[in-house]
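Structure file entry_38.txt; described as compact mmCIF, C-alpha atoms and all ligand atoms.
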# COMPACT_ATOMS: atom_id res chain seq x y z
CA MET A 18 32.08 -0.03 -1.82
CA LEU A 19 28.80 -1.28 -3.30
CA GLY A 20 29.97 -4.86 -2.89
CA GLU A 21 28.40 -4.80 0.57
CA ASP A 22 24.93 -4.26 -0.86
CA LEU A 23 22.66 -7.22 -1.41
CA ALA A 24 21.68 -7.99 -5.00
CA TYR A 25 18.25 -9.20 -6.09
CA GLU A 26 19.90 -11.68 -8.46
CA SER A 27 21.46 -13.51 -5.50
CA GLY A 28 17.95 -14.70 -4.58
CA ARG A 29 18.71 -13.82 -0.95
CA ILE A 30 16.26 -10.90 -0.87
CA LEU A 31 13.11 -12.72 0.15
CA GLY A 32 11.23 -10.07 2.12
CA SER A 33 11.20 -7.08 -0.20
CA MET A 34 8.35 -5.72 -2.28
CA CYS A 35 10.81 -4.35 -4.82
CA THR A 36 12.73 -6.24 -7.45
CA LYS A 37 15.29 -5.79 -10.19
CA PRO A 38 13.56 -3.56 -12.74
CA HIS A 39 12.88 -5.14 -16.10
CA ARG A 40 15.84 -4.53 -18.45
CA PHE A 41 13.75 -2.67 -21.00
CA ALA A 42 12.13 -0.37 -18.41
CA ALA A 43 15.57 0.35 -16.94
CA HIS A 44 16.92 1.16 -20.41
CA VAL A 45 14.09 3.62 -21.12
CA TYR A 46 14.53 5.19 -17.69
CA GLY A 47 18.25 5.72 -18.22
CA LYS A 48 17.74 7.16 -21.67
CA TYR A 49 15.35 9.88 -20.48
CA ILE A 50 16.82 10.58 -17.07
CA GLU A 51 16.67 14.39 -17.50
CA LYS A 52 12.94 14.73 -18.16
CA ASN A 53 11.33 16.81 -15.42
CA LEU A 54 7.57 16.78 -14.97
CA GLY A 55 7.88 19.55 -12.38
CA ASP A 56 8.11 21.90 -15.38
CA PRO A 57 5.87 20.09 -17.86
CA GLY A 58 5.78 23.03 -20.28
CA LEU A 59 9.33 22.05 -21.23
CA PHE A 60 8.36 18.41 -21.71
CA PRO A 61 4.81 18.40 -23.12
CA ALA A 62 5.32 15.06 -24.85
CA THR A 63 6.47 13.43 -21.62
CA GLN A 64 3.45 14.94 -19.87
CA GLN A 65 1.19 13.45 -22.54
CA ILE A 66 2.84 10.07 -21.99
CA GLU A 67 2.24 10.36 -18.25
CA ARG A 68 -1.45 11.00 -19.06
CA GLU A 69 -1.52 7.92 -21.29
CA THR A 70 0.15 5.86 -18.58
CA ILE A 71 -2.50 6.93 -16.08
CA GLN A 72 -5.20 6.17 -18.64
CA MET A 73 -3.82 2.68 -19.38
CA LEU A 74 -3.55 1.82 -15.70
CA GLY A 75 -6.94 3.44 -15.07
CA THR A 76 -8.44 1.13 -17.69
CA LEU A 77 -6.91 -1.81 -15.86
CA LEU A 78 -8.54 -0.43 -12.70
CA GLY A 79 -11.94 -0.26 -14.40
CA LYS A 80 -12.07 3.40 -15.50
CA SER A 81 -10.17 4.91 -18.42
CA ASP A 82 -10.96 8.56 -17.60
CA VAL A 83 -9.31 8.67 -14.19
CA ALA A 84 -7.07 11.49 -13.00
CA GLY A 85 -3.70 10.91 -11.38
CA HIS A 86 0.06 10.86 -11.61
CA ILE A 87 3.12 8.65 -11.54
CA VAL A 88 4.68 9.70 -8.24
CA THR A 89 7.59 8.72 -6.02
CA GLY A 90 5.95 5.66 -4.50
CA GLY A 91 3.11 4.27 -2.46
CA THR A 92 3.84 6.60 0.43
CA GLU A 93 3.43 9.74 -1.65
CA ALA A 94 0.36 8.27 -3.37
CA ASN A 95 -1.32 7.47 -0.05
CA ILE A 96 -0.51 10.91 1.34
CA LEU A 97 -1.94 12.56 -1.80
CA ALA A 98 -5.15 10.55 -1.50
CA ILE A 99 -5.68 11.50 2.14
CA TRP A 100 -4.71 15.11 1.42
CA ALA A 101 -7.33 15.33 -1.37
CA ALA A 102 -9.97 13.63 0.78
CA ARG A 103 -9.25 16.06 3.61
CA ASN A 104 -9.54 19.07 1.28
CA LEU A 105 -12.82 17.75 -0.10
CA SER A 106 -14.25 17.14 3.37
CA LYS A 107 -16.38 19.41 5.51
CA THR A 108 -14.91 21.53 8.27
CA LYS A 109 -14.33 19.74 11.56
CA GLN A 110 -13.84 16.41 9.83
CA ASP A 111 -10.46 15.11 10.90
CA GLU A 112 -10.68 11.33 11.29
CA ILE A 113 -9.50 8.61 8.92
CA ILE A 114 -10.55 5.03 9.49
CA VAL A 115 -7.82 2.54 8.60
CA PRO A 116 -7.39 -1.22 9.04
CA ALA A 117 -4.90 -2.26 11.73
CA SER A 118 -2.87 -3.64 8.82
CA ALA A 119 -2.50 -0.23 7.12
CA HIS A 120 0.96 0.73 5.90
CA HIS A 121 2.85 3.30 8.01
CA SER A 122 2.48 5.85 5.19
CA PHE A 123 -0.97 6.57 6.64
CA ASP A 124 0.66 7.54 9.96
CA LYS A 125 2.77 9.99 7.98
CA ALA A 126 -0.31 11.32 6.16
CA ALA A 127 -2.24 11.80 9.41
CA ASP A 128 0.68 13.50 11.12
CA LEU A 129 1.33 15.85 8.19
CA LEU A 130 -2.34 16.78 7.86
CA GLY A 131 -3.05 17.03 11.59
CA CYS A 132 -5.64 14.25 11.38
CA LYS A 133 -6.40 11.29 13.59
CA LEU A 134 -6.13 7.67 12.50
CA VAL A 135 -8.82 5.40 13.88
CA ARG A 136 -7.47 1.86 13.63
CA ILE A 137 -9.84 -1.05 13.17
CA ASP A 138 -9.00 -4.59 14.24
CA LEU A 139 -8.78 -7.43 11.75
CA ASN A 140 -10.99 -10.52 11.66
CA ASP A 141 -9.69 -14.11 11.66
CA ASN A 142 -8.92 -13.82 7.94
CA PHE A 143 -6.68 -10.80 8.59
CA GLN A 144 -9.17 -8.55 6.79
CA VAL A 145 -10.56 -5.40 8.34
CA ASP A 146 -13.64 -6.08 10.50
CA ILE A 147 -16.57 -4.53 8.62
CA SER A 148 -18.94 -4.21 11.58
CA ALA A 149 -16.23 -2.44 13.56
CA ILE A 150 -15.82 -0.01 10.64
CA ARG A 151 -19.55 0.75 10.73
CA GLU A 152 -19.35 1.45 14.45
CA ALA A 153 -16.28 3.66 14.09
CA ILE A 154 -17.83 6.07 11.57
CA SER A 155 -18.57 9.41 13.17
CA PRO A 156 -19.44 12.89 11.88
CA ARG A 157 -15.69 13.56 12.02
CA THR A 158 -14.82 10.75 9.56
CA PHE A 159 -13.74 12.01 6.15
CA ALA A 160 -11.99 8.94 4.75
CA ILE A 161 -11.89 5.17 4.98
CA VAL A 162 -8.93 3.15 3.76
CA GLY A 163 -9.18 -0.40 2.43
CA ILE A 164 -6.14 -2.43 1.43
CA ALA A 165 -5.82 -4.63 -1.63
CA GLY A 166 -2.67 -6.54 -0.73
CA THR A 167 -1.63 -5.81 2.84
CA THR A 168 2.01 -5.14 3.61
CA GLU A 169 2.13 -7.93 6.20
CA LEU A 170 0.31 -10.75 4.40
CA GLY A 171 -0.94 -9.65 0.98
CA ILE A 172 -4.56 -9.89 2.12
CA VAL A 173 -7.37 -8.05 0.32
CA ASP A 174 -9.94 -6.30 2.53
CA PRO A 175 -13.67 -6.66 1.69
CA ILE A 176 -13.55 -3.63 -0.59
CA THR A 177 -17.07 -4.20 -1.99
CA GLU A 178 -18.53 -3.76 1.48
CA LEU A 179 -16.27 -0.81 2.26
CA ALA A 180 -17.40 0.85 -0.98
CA GLU A 181 -21.05 0.43 0.00
CA ILE A 182 -20.39 1.94 3.42
CA ALA A 183 -18.45 4.84 1.89
CA GLU A 184 -21.29 5.60 -0.51
CA GLN A 185 -23.96 5.38 2.17
CA HIS A 186 -22.10 7.89 4.33
CA ASN A 187 -20.69 9.99 1.49
CA ILE A 188 -17.12 9.36 2.69
CA HIS A 189 -13.98 9.09 0.53
CA LEU A 190 -12.81 5.47 0.18
CA HIS A 191 -9.15 5.13 -0.68
CA VAL A 192 -7.90 1.69 -1.74
CA ASP A 193 -4.23 1.02 -1.11
CA ALA A 194 -3.33 -1.41 -3.89
CA ALA A 195 0.32 -0.29 -3.88
CA PHE A 196 1.37 -3.94 -4.03
CA GLY A 197 -1.82 -5.75 -5.13
CA GLY A 198 -2.62 -3.42 -8.03
CA PHE A 199 -0.07 -5.13 -10.25
CA VAL A 200 -1.04 -8.61 -9.00
CA ILE A 201 -4.82 -8.96 -8.71
CA PRO A 202 -5.70 -7.98 -12.32
CA PHE A 203 -3.29 -10.67 -13.56
CA LEU A 204 -4.39 -13.58 -11.35
CA GLU A 205 -6.38 -16.48 -12.80
CA LYS A 206 -9.95 -15.39 -13.66
CA ALA A 207 -11.62 -17.32 -10.83
CA GLU A 208 -9.21 -15.85 -8.27
CA LYS A 209 -9.43 -12.24 -9.37
CA GLU A 210 -13.22 -12.28 -9.60
CA LYS A 211 -13.31 -12.87 -5.85
CA LEU A 212 -11.16 -9.81 -5.25
CA GLU A 213 -13.10 -6.75 -6.38
CA PHE A 214 -11.13 -3.69 -5.39
CA ASP A 215 -11.15 -1.02 -8.09
CA PHE A 216 -13.16 1.76 -9.75
CA ARG A 217 -15.76 -0.78 -10.94
CA LEU A 218 -17.08 -0.31 -7.39
CA SER A 219 -18.75 3.10 -7.46
CA GLY A 220 -17.83 3.85 -3.83
CA VAL A 221 -14.08 3.74 -4.55
CA SER A 222 -12.75 7.31 -4.84
CA SER A 223 -8.99 6.81 -5.18
CA ILE A 224 -6.45 4.02 -5.59
CA THR A 225 -2.70 3.63 -5.04
CA MET A 226 -0.99 1.18 -7.41
CA ASP A 227 2.79 1.14 -7.73
CA PRO A 228 4.72 0.27 -10.90
CA HIS A 229 7.94 0.01 -8.84
CA LYS A 230 6.69 -3.05 -6.96
CA MET A 231 5.18 -5.87 -9.05
CA GLY A 232 5.13 -3.61 -12.14
CA MET A 233 8.92 -4.22 -12.41
CA CYS A 234 9.60 -0.54 -13.17
CA PRO A 235 12.57 1.42 -11.80
CA ILE A 236 12.24 3.31 -8.52
CA PRO A 237 10.67 5.93 -8.18
CA ALA A 238 7.36 4.87 -9.70
CA GLY A 239 4.24 4.95 -7.56
CA GLY A 240 0.78 5.56 -8.93
CA ILE A 241 -2.09 7.68 -7.59
CA PHE A 242 -5.47 7.45 -9.30
CA PHE A 243 -8.56 9.57 -8.56
CA ARG A 244 -12.04 8.77 -9.83
CA SER A 245 -12.35 12.30 -11.25
CA GLU A 246 -10.27 15.34 -12.10
CA GLY A 247 -12.44 17.23 -9.61
CA MET A 248 -11.04 15.10 -6.78
CA ALA A 249 -7.45 15.46 -7.96
CA SER A 250 -7.81 19.22 -8.29
CA ALA A 251 -8.51 19.43 -4.56
CA ILE A 252 -4.72 19.32 -4.14
CA SER A 253 -3.77 21.52 -7.11
CA THR A 254 -1.28 24.35 -6.82
CA ASN A 255 -1.07 26.72 -9.79
CA PHE A 256 1.81 28.99 -10.69
CA THR A 257 3.01 30.94 -13.67
CA TYR A 258 6.72 31.78 -13.44
CA LEU A 259 8.26 28.55 -14.80
CA CYS A 260 10.22 28.66 -18.05
CA GLY A 261 7.78 26.12 -19.45
CA GLY A 262 4.93 28.51 -18.62
CA GLU A 263 1.93 28.32 -16.34
CA THR A 264 1.50 24.98 -14.64
CA THR A 265 -0.39 22.99 -12.04
CA HIS A 266 1.14 20.56 -9.56
CA GLN A 267 -0.89 17.81 -7.89
CA THR A 268 2.04 16.09 -6.20
CA ILE A 269 4.07 16.67 -3.05
CA VAL A 270 7.39 17.02 -4.82
CA GLY A 271 8.08 19.74 -7.38
CA THR A 272 10.91 18.60 -9.62
CA ARG A 273 10.04 15.02 -10.43
CA SER A 274 11.04 12.21 -12.71
CA GLY A 275 9.50 12.14 -16.17
CA ALA A 276 11.61 9.06 -16.90
CA ALA A 277 9.49 7.15 -14.37
CA SER A 278 6.37 7.75 -16.48
CA LEU A 279 8.20 6.96 -19.71
CA ALA A 280 9.61 3.73 -18.31
CA THR A 281 6.20 2.70 -16.96
CA TRP A 282 4.49 3.51 -20.28
CA ALA A 283 7.12 1.52 -22.18
CA MET A 284 6.90 -1.40 -19.77
CA LEU A 285 3.10 -1.56 -20.04
CA LYS A 286 3.31 -1.57 -23.85
CA HIS A 287 6.16 -4.10 -23.80
CA GLN A 288 4.49 -6.58 -21.45
CA GLY A 289 0.82 -6.09 -22.18
CA ARG A 290 -1.64 -7.99 -20.04
CA SER A 291 -0.25 -11.33 -21.14
CA GLY A 292 3.30 -10.37 -20.07
CA TYR A 293 2.18 -9.41 -16.58
CA GLN A 294 -0.03 -12.52 -16.41
CA LYS A 295 3.07 -14.63 -17.04
CA ILE A 296 5.08 -12.80 -14.35
CA VAL A 297 2.29 -13.20 -11.79
CA LYS A 298 1.68 -16.85 -12.75
CA ARG A 299 5.35 -17.69 -12.17
CA CYS A 300 5.42 -15.88 -8.83
CA MET A 301 2.23 -17.63 -7.71
CA GLU A 302 3.51 -21.09 -8.72
CA LEU A 303 6.62 -20.54 -6.65
CA THR A 304 4.50 -19.15 -3.81
CA TYR A 305 2.51 -22.40 -3.73
CA GLN A 306 5.76 -24.42 -3.77
CA LEU A 307 6.96 -22.40 -0.79
CA VAL A 308 3.69 -22.96 1.07
CA ALA A 309 3.77 -26.73 0.38
CA GLY A 310 7.38 -26.86 1.58
CA ILE A 311 6.62 -24.99 4.81
CA GLU A 312 3.71 -27.27 5.59
CA GLU A 313 6.09 -30.22 5.47
CA ILE A 314 8.42 -28.73 8.07
CA LYS A 315 7.52 -29.72 11.64
CA GLY A 316 7.15 -26.65 13.84
CA LEU A 317 6.41 -24.23 11.03
CA GLU A 318 3.12 -23.11 9.53
CA VAL A 319 1.84 -20.50 7.11
CA VAL A 320 -0.21 -17.81 8.84
CA ILE A 321 -2.99 -18.02 6.22
CA PRO A 322 -3.14 -19.51 2.72
CA PRO A 323 -1.80 -16.72 0.50
CA THR A 324 -4.00 -14.60 -1.75
CA MET A 325 -1.02 -13.29 -3.65
CA ASN A 326 2.75 -13.81 -3.64
CA VAL A 327 3.17 -12.82 0.01
CA VAL A 328 3.59 -15.59 2.58
CA GLY A 329 3.55 -15.31 6.37
CA ILE A 330 5.51 -18.00 8.24
CA LYS A 331 4.94 -18.65 11.92
CA SER A 332 6.26 -21.21 14.38
CA ASP A 333 4.80 -23.01 17.37
CA ILE A 334 8.16 -24.21 18.67
CA LEU A 335 10.28 -21.12 18.30
CA ASP A 336 10.03 -17.50 19.22
CA ILE A 337 9.57 -15.65 15.92
CA ASP A 338 12.38 -13.18 16.68
CA VAL A 339 14.79 -16.08 17.28
CA LEU A 340 13.67 -17.83 14.10
CA ALA A 341 14.15 -14.62 12.08
CA GLN A 342 17.57 -14.13 13.60
CA LYS A 343 18.64 -17.64 12.62
CA VAL A 344 17.23 -17.23 9.12
CA ARG A 345 19.07 -13.95 8.76
CA GLU A 346 22.29 -15.51 10.05
CA MET A 347 21.98 -17.90 7.12
CA LYS A 348 21.92 -14.81 4.89
CA TRP A 349 18.27 -14.75 3.92
CA ALA A 350 16.85 -11.21 3.95
CA VAL A 351 13.31 -11.73 5.24
CA ALA A 352 10.88 -9.19 6.73
CA LEU A 353 9.86 -9.61 10.37
CA PHE A 354 6.43 -8.74 11.78
CA PRO A 355 5.37 -9.20 15.44
CA LYS A 356 4.09 -12.74 14.90
CA HIS A 357 5.48 -13.86 11.58
CA ILE A 358 8.22 -13.74 9.00
CA ARG A 359 7.16 -12.35 5.62
CA VAL A 360 8.41 -13.73 2.34
CA VAL A 361 7.48 -11.93 -0.88
CA VAL A 362 8.02 -14.10 -3.93
CA MET A 363 9.05 -11.32 -6.31
CA PRO A 364 10.10 -11.92 -9.94
CA HIS A 365 13.79 -12.11 -8.96
CA VAL A 366 13.09 -15.14 -6.75
CA LYS A 367 13.64 -18.45 -8.58
CA ALA A 368 12.88 -22.07 -7.71
CA PRO A 369 16.42 -22.92 -6.45
CA HIS A 370 16.23 -19.97 -4.03
CA ILE A 371 12.94 -21.18 -2.60
CA HIS A 372 14.27 -24.73 -2.27
CA GLY A 373 17.50 -23.51 -0.64
CA PHE A 374 15.48 -21.39 1.78
CA LEU A 375 13.22 -24.34 2.67
CA GLU A 376 16.26 -26.53 3.26
CA ASP A 377 17.72 -23.99 5.66
CA LEU A 378 14.38 -23.63 7.47
CA ARG A 379 14.26 -27.42 7.85
CA HIS A 380 17.78 -27.42 9.21
CA ILE A 381 17.04 -24.62 11.70
CA THR A 382 13.89 -26.27 13.07
CA GLU A 383 15.52 -29.72 13.27
CA THR A 384 18.46 -28.34 15.23
CA ILE A 385 16.08 -26.73 17.67
CA ARG A 386 13.92 -29.80 18.16
CA ARG A 387 16.97 -31.92 18.93
N1 LIG A 401 1.13 0.59 0.73
C1 LIG A 401 1.42 -0.70 0.90
C2 LIG A 401 0.33 -1.71 1.02
C3 LIG A 401 2.76 -1.08 0.97
O1 LIG A 401 3.07 -2.36 1.20
C4 LIG A 401 3.77 -0.10 0.83
C5 LIG A 401 5.23 -0.47 0.89
C6 LIG A 401 3.40 1.24 0.63
C7 LIG A 401 2.06 1.54 0.59
C8 LIG A 401 4.40 2.33 0.49
O2 LIG A 401 5.09 2.22 -0.69
P1 LIG A 401 6.52 2.92 -0.90
O3 LIG A 401 7.51 2.15 -0.10
O4 LIG A 401 6.69 2.82 -2.37
O5 LIG A 401 6.39 4.33 -0.45
N2 LIG A 401 5.52 -1.73 1.25
C9 LIG A 401 6.84 -2.26 1.39
C10 LIG A 401 7.05 -2.60 2.86
O6 LIG A 401 6.91 -1.71 3.72
C11 LIG A 401 7.93 -1.33 0.93
C12 LIG A 401 9.23 -2.03 0.81
C13 LIG A 401 9.78 -2.27 -0.43
C14 LIG A 401 9.95 -2.43 1.92
C15 LIG A 401 11.00 -2.88 -0.54
C16 LIG A 401 11.19 -3.06 1.81
C17 LIG A 401 11.71 -3.29 0.59
O7 LIG A 401 12.93 -3.90 0.46
O8 LIG A 401 7.30 -3.75 3.14
Take the structure in the file and write it out as structure tokens.
Amino acid sequence: MLGEDLAYESGRILGSMCTKPHRFAAHVYGKYIEKNLGDPGLFPATQQIERETIQMLGTLLGKSDVAGHIVTGGTEANILAIWAARNLSKTKQDEIIVPASAHHSFDKAADLLGCKLVRIDLNDNFQVDISAIREAISPRTFAIVGIAGTTELGIVDPITELAEIAEQHNIHLHVDAAFGGFVIPFLEKAEKEKLEFDFRLSGVSSITMDPHKMGMCPIPAGGIFFRSEGMASAISTNFTYLCGGETTHQTIVGTRSGAASLATWAMLKHQGRSGYQKIVKRCMELTYQLVAGIEEIKGLEVVIPPTMNVVGIKSDILDIDVLAQKVREMKWAVALFPKHIRVVVMPHVKAPHIHGFLEDLRHITETIRR
């Protein structure tokens, strides 16, 4: 039955932010499949390894003594951040300011928490408009969200400015680096220095960064990071009856994968910074090849030069829905946004796939122009 599923190895999956997990991470995951961090008293060593994983990733994010957990994904991480910010806020504060490009997990968070999302338009660079953020802040605002690697285009918001605003107004700033967290730190020095987004900015209170995207870890592995244990404990539930003894949960789910933390820990040790730098370098080289190829095709354009391995393709001769339909008919699985097609050059995408895709795009546009 599974023959009907698409496989990453086919190179046909061009619009996904997930990839085939690294073989070693998958091996570790499979080996420790039964570990349950919902009852950490039974698995104290696994809990310690989760702590170390959070510490290693925290260090990458500019602060080794962060609090946090390896969770089910970016959605849970974003919900946890907003939940904590809401619990830390004053009464009558019920508004969250988010960029128009925010992932739909923030809609889920707002709905679950009975809060209102105030959406802010983007500027010409597809970043959130800072002056509009300033205007939108009200006494009801308890959180601002900035994105480091937007779902639609991989764009990084001006997080430095958002952090200043958050500090001035004493508001929680959550940075959604679900995708970008495993890309930005591994870009070339000159590139990453332009993209400040983490705890090195004192106004940043929490960050989402997912190992199961560009971290090449098995699903489910999201990451939530809080600047301090005090912030994380705003969503703590304590109970005593478990067979592992008294415990505290700071996640939505109860029973949860310990293998996810073990696989992430192992993958970080296995790759090190240089391993991830190589992965990102390869993805970026192919991204630039894709961009160069698109620019050569009459009728197609990239939406904006990419910051990371996410490319938006638009057309001035073809309705984007029609173009996506034709691309999909040729068996390329791309993501479709209102005005563009999204390609994510994940580690499973190789040069022949990009060249085959470009050839098909050329063919589609030529047939239309004729
Ligand atoms: N934040 C950002 C910026 C995201 O892009 C995503 C997911 C999330 C949070 C939520 O993460 P989880 O999906 O782990 O909860 N972005 C991808 C997207 O919506 C998710 C995805 C992954 C979609 C693989 C398709 C796919 O094949 O495009």
**Q.** Within-6 Å residues of ligand LIG 401 (chain A), basis all atoms listed in the file, as a ChimeraX atom specification
**A.** /A:33-35,90-92,120,166-168,193,195-196
Q: Excluding Ser122 of chain A and any residue of its chain fewer than 4 positions from it, enumerate the residues within 9 Å of it, using only C-alpha atoms, and give them as a list in words.
A: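 Final neighbour list, sorted by chain and number: Gly91, Thr92, Glu93, Asn95, Ile96, Ala126 and Ala127 of chain A.
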Could you produce a table of the residues of segment 159-232 of chain A lying within 8 Å of segment 236-243 of chain A, with the nearest pair of atoms per residue and their separation in Å rounded to one decimal, using all atoms listed in the file, ordered by chain and increasing residue number, as a tab-separated table?
residue	atom	partner	partner_atom	distance
A:Ala195	CA	A:Gly239	CA	7.5
A:Ser222	CA	A:Phe243	CA	6.0
A:Ser223	CA	A:Phe243	CA	4.4
A:Ile224	CA	A:Phe242	CA	5.1
A:Thr225	CA	A:Ile241	CA	4.8
A:Met226	CA	A:Gly240	CA	5.0
A:Asp227	CA	A:Gly239	CA	4.1
A:Pro228	CA	A:Ala238	CA	5.4
A:His229	CA	A:Ala238	CA	5.0
May I have the residues from that selection written out with C-alpha atoms, as a tab-separated table (two decimals), in the frame of the given file?
chain	number	residue	atom	x	y	z
A	195	ALA	CA	0.32	-0.29	-3.88
A	222	SER	CA	-12.75	7.31	-4.84
A	223	SER	CA	-8.99	6.81	-5.18
A	224	ILE	CA	-6.45	4.02	-5.59
A	225	THR	CA	-2.70	3.63	-5.04
A	226	MET	CA	-0.99	1.18	-7.41
A	227	ASP	CA	2.79	1.14	-7.73
A	228	PRO	CA	4.72	0.27	-10.90
A	229	HIS	CA	7.94	0.01	-8.84
Dump as a tab-separated table the rows for residues of segment 84-129 of chain A within 12 Å of segment 48-55 of chain A: closest atom pair and distance in Å with one decimal, all atoms listed in the file counted, ordered by chain and rising residue number.
residue	atom	partner	partner_atom	distance
A:His86	CA	A:Leu54	CA	10.1
A:Ile87	CA	A:Leu54	CA	9.9
A:Val88	CA	A:Leu54	CA	10.2
Using the selection just defined, write its residues with C-alpha atoms as a PDB file, in the coordinates of the input.
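Below you can see result-v9.pdb, which holds the result:
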ATOM      1  CA  HIS A  86       0.060  10.860 -11.610  1.00  0.00           C
ATOM      2  CA  ILE A  87       3.120   8.650 -11.540  1.00  0.00           C
ATOM      3  CA  VAL A  88       4.680   9.700  -8.240  1.00  0.00           C
TER       4      VAL A  88
END
Q) In file coordinates, which residues lie within 9 Å of (-6.9, -13.6, 6.4) using all atoms listed in the file, given as a list of chain:residue names? A)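 Residues with an atom close enough to that point: A:Leu139, A:Asn140, A:Asp141, A:Asn142, A:Phe143, A:Gln144, A:Leu170, A:Gly171, A:Ile172, A:Val173, A:Asp174, A:Val320, A:Ile321, A:Pro322, A:Pro323, A:Thr324.
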Q | Minimum-distance residue to Asn104 of chain A, chosen among A:Gly247, A:Gly262, A:Gly310, A:Gly292 (using all atoms listed in the file) | A | A:Gly247
Q: Would you kindly return, as a PyMOL selection string, each protein, DNA or RNA residue with an atom no farther than 9 Å from any atom of Met231 of chain A, considering all atoms listed in the file and excluding same-chain residues fewer than 6 positions away?
A: chain A and resi 34-36+196-200+293+296-297+363-364
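Atom to atom, atom CA of Lys348 of chain A and atom CA of His39 of chain A stand 24.8 Å apart.
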Q) What is the distance between atom CA of Thr76 of chain A and atom CA of Ser245 of chain A, in Å to one decimal? A)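 We find that atom CA of Thr76 of chain A and atom CA of Ser245 of chain A lie 13.5 Å from each other.
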Q: Mind giving me the straight-line distance from atom CA of Ala43 of chain A to atom CA of Thr89 of chain A in Å, one decimal?
A: 15.9 Å
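Near Ile147 of chain A, within 10 Å and counting all atoms listed in the file, sit Pro116, Ile137, Asp138, Leu139, Asn140, Glu152, Ala153, Asp174, Pro175, Ile176, Glu178, Leu179 and Ile182 of chain A; same-chain residues fewer than 5 positions away were not included.
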Q. Skipping near chain neighbours, those fewer than 2 positions away, what residues fall within 10 Å of Ile99 of chain A using only C-alpha atoms, listed as number ranges by chain?
A. A: 94-97, 101-105, 113, 123, 126-127, 130, 132, 159-162, 189-191, 223
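Counting all atoms listed in the file, the residue from A:Lys298, A:Lys367, A:Lys331, A:Arg217 that sits nearest to Leu353 of chain A is A:Lys331.
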Q) Which residue out of A:Leu31, A:Val270, A:Ile358, A:Leu23 has the minimum interatomic distance to Val319 of chain A when all atoms listed in the file are used? A)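 So, comparing all the options, the nearest one is A:Ile358.
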Q: Determine, counting all atoms listed in the file, every residue of protein, DNA or RNA that lies within 9 Å of (7.7, -13.4, -3.0) in the file coordinates, then give the result as an MDAnalysis selection string.
A: chainID A and resid 31:34 300:301 303:304 325:328 359:366
Q: With a distance cut-off of 9 Å and all atoms listed in the file, select the neighbouring residues of Glu205 of chain A, excluding the residue or stretch itself and same-chain residues fewer than 4 positions from it, and output the selection as number ranges by chain.
A: A: 201, 209-210, 294, 298
Q: Determine the nearest neighbour of Glu263 of chain A from the options A:Leu134, A:Ala119, A:Leu59, A:Leu317, counting all atoms listed in the file.
A: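 Checking each of A:Leu134, A:Ala119, A:Leu59, A:Leu317 against Glu263 of chain A, counting all atoms listed in the file, the winner is A:Leu59.
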Q | Counting only C-alpha atoms, the residue of A:Ala194, A:Val351, A:Leu212, A:Ile385 that sits nearest Lys230 of chain A | A |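 Of A:Ala194, A:Val351, A:Leu212, A:Ile385, the one nearest Lys230 of chain A is A:Ala194, counting only C-alpha atoms.
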